[in-house]
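Asker: This is the structure, below, for whatever I ask next.
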Amino acid sequence: MDNLLTDRNFWVNYWESKTGLSVAIPANYLFHQQLSNIVKSNNVKSAIELGGFPGYYAVFLRKYLKLDVTLLDYFVHQPITHQLLKTNNLQSDDIHIIETDLFNYTPEKQYDLVLSCGLIEHFNDTADIINRHITFLKPGGTLFITLPNFKALNGWFQKNFDRENYDKHNINCMDPALLKTIVENAGLQVKQAGYFGKFSLWLENEKEKSASVKLFKKTTWLVGKVLTKIFPFESRQLSPYIIIEAKKVS
């Protein structure tokens, strides 16, 4: 089976359809607490974000945690990334950019922190893509991977109201126990592997959906938010994300 669930043309079309990409990244950006803790407790100096165009997490790590940061992706439209840097009061050379196919690239250096947020679920061979992350990791370094949890209610919305987007994801990999086993088999020490977030819903192109779908989604979102304020815990059924954090044994 082909390992790729998407191709370069898909991502070119995806990003060219987006507007308002140059946003100011806030200090409380998603996963900010986890990343801040990793950097402080492990004396992290360098990081690489894989598959992260336009570079929101790279910007966060540079802007707030002052790391030496690299962004690697299959498709990088540099004017967008440079405008993103400018919006966040950073210089054009504050982030190193590598535009390449991850499957045909040999790392020229290794990093204290290797992260991806929403990458591994676009490949059929989960172990292979995770192991490619690990090749960038220094001994003693930290691997940090996040992905959406489409086995939750949010996935039901994707499947029923945006099937094209849903089919671009490997649903089977959205399993913390599976990810933990893969990372441990690669020789890393897993620090956490579980669900993240109490509840959330999204649709990639919500503006294009019918009024009834928008209303249904908004109503469900409100009910879910109320429910998870009463019962605030992460779960497979409701949590929108999965996190795995691991350390490469020296």
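Simple scheme: letters A, B, ... for chains in structure tokens order, numbers from 1 for residues in each chain, numbers from 1 for ligands in the order shown.
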Near Thr70 of chain A, within 9 Å and counting only C-alpha atoms, which residues show up once chain neighbours fewer than 3 positions away are dropped, as a ChimeraX atom specification?
Answerer: /A:46-50,58,94-98
Asker: Just the helix (DSSP H, G or I) stuff from segment 13-151 of chain A, please, per backbone DSSP, written as number ranges by chain.
Answerer: A: 13-16, 32-42, 56-65, 78-87, 102-104, 120-122, 126-134
Asker: When you count only C-alpha atoms, which of these residues is closest to Lys109 of chain A: A:Ser22, A:Thr135, A:Gln189, A:Thr146?
Answerer: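 Checking each of A:Ser22, A:Thr135, A:Gln189, A:Thr146 against Lys109 of chain A, counting only C-alpha atoms, the winner is A:Thr135.
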Asker: Could you write out, as a PyMOL selection string, all the residues of segment 73-154 of chain A that DSSP marks as strand (DSSP E)?
Answerer: chain A and resi 73+95-99+111-117+137-148
Asker: Write out as a ChimeraX atom specification each polymer residue whose atoms come within 7 Å of segment 165-181 of chain A, counting only C-alpha atoms; drop sequence neighbours fewer than 3 positions from it.
Answerer: /A:5-6,121-124,126,149-150,158-159,162,184-185,190,193-194,242
Asker: What does the distance from atom CA of Gly51 of chain A to atom CA of Leu71 of chain A come to in Å, to one decimal?
Answerer: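 Interatomic distance here is 7.7 Å.
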Asker: By how many Å are atom CA of Leu119 of chain A and atom CA of Glu99 of chain A apart?
Answerer: 15.2 Å
Asker: Tell me which of A:Tyr57, A:Tyr105, A:Tyr74, A:Trp156 sits closest to Pro26 of chain A, counting only C-alpha atoms.
Answerer: A:Tyr57
Asker: Enter the distance from atom CA of Gly52 of chain A to atom CA of Lys225 of chain A, in Å, rounded to one decimal.
Answerer: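 Value for the atom CA of Gly52 of chain A-atom CA of Lys225 of chain A distance: 28.3 Å.
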Asker: Under the rule that only C-alpha atoms are counted, which of A:Ala211, A:Leu90, A:Leu72, A:Ala152 is the nearest residue to His133 of chain A?
Answerer: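 Result for the nearest residue to His133 of chain A: A:Leu72.
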Asker: Counting only C-alpha atoms, figure out which residue out of A:Asn131, A:Gln237, A:Asn154, A:Asn9 gets nearest to Val183 of chain A.
Answerer: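 Comparing A:Asn131, A:Gln237, A:Asn154, A:Asn9 against Val183 of chain A, the winner is A:Asn131.
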Asker: Give me, as an NGL selection string, all polymer residues having an atom no more than 6 Å from Ile244 of chain A, counting only C-alpha atoms and skipping those fewer than 2 positions away in the same chain.
Answerer: :A and (144-145 or 192-193)
Asker: Between A:Lys218, A:Pro79, A:Phe199, A:Lys40, which has the minimum distance to Pro232 of chain A (counting only C-alpha atoms)?
Answerer: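 Nearest to Pro232 of chain A: A:Phe199.
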Asker: Write out as number ranges by chain the residues lying within 9 Å of Asn88 of chain A, counting only C-alpha atoms and excluding same-chain residues fewer than 3 positions away.
Answerer: A: 22-25, 59, 63, 83-85, 91
Asker: Would you export the selected residues with C-alpha atoms as a PDB file, in the first residue's frame, please?
Answerer:
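So the final result, stored in out-v5.pdb, reads:
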```pdb
ATOM      1  CA  SER A  22       0.058  35.506   8.932  1.00  0.00           C
ATOM      2  CA  VAL A  23      -1.290  35.685  12.472  1.00  0.00           C
ATOM      3  CA  ALA A  24       0.272  36.788  15.733  1.00  0.00           C
ATOM      4  CA  ILE A  25       1.076  33.615  17.681  1.00  0.00           C
ATOM      5  CA  VAL A  59       7.478  30.767  15.501  1.00  0.00           C
ATOM      6  CA  LYS A  63       9.387  33.958  19.842  1.00  0.00           C
ATOM      7  CA  GLN A  83       5.219  37.522   6.521  1.00  0.00           C
ATOM      8  CA  LEU A  84       4.347  35.313   9.497  1.00  0.00           C
ATOM      9  CA  LEU A  85       7.745  36.089  11.012  1.00  0.00           C
ATOM     10  CA  GLN A  91      13.497  38.529  11.360  1.00  0.00           C
TER      11      GLN A  91
END
```
Asker: I'd like to know which of A:Asp93, A:Asp125, A:Asp112, A:Glu204 is closest to Phe157 of chain A, using only C-alpha atoms.
Answerer: A:Glu204
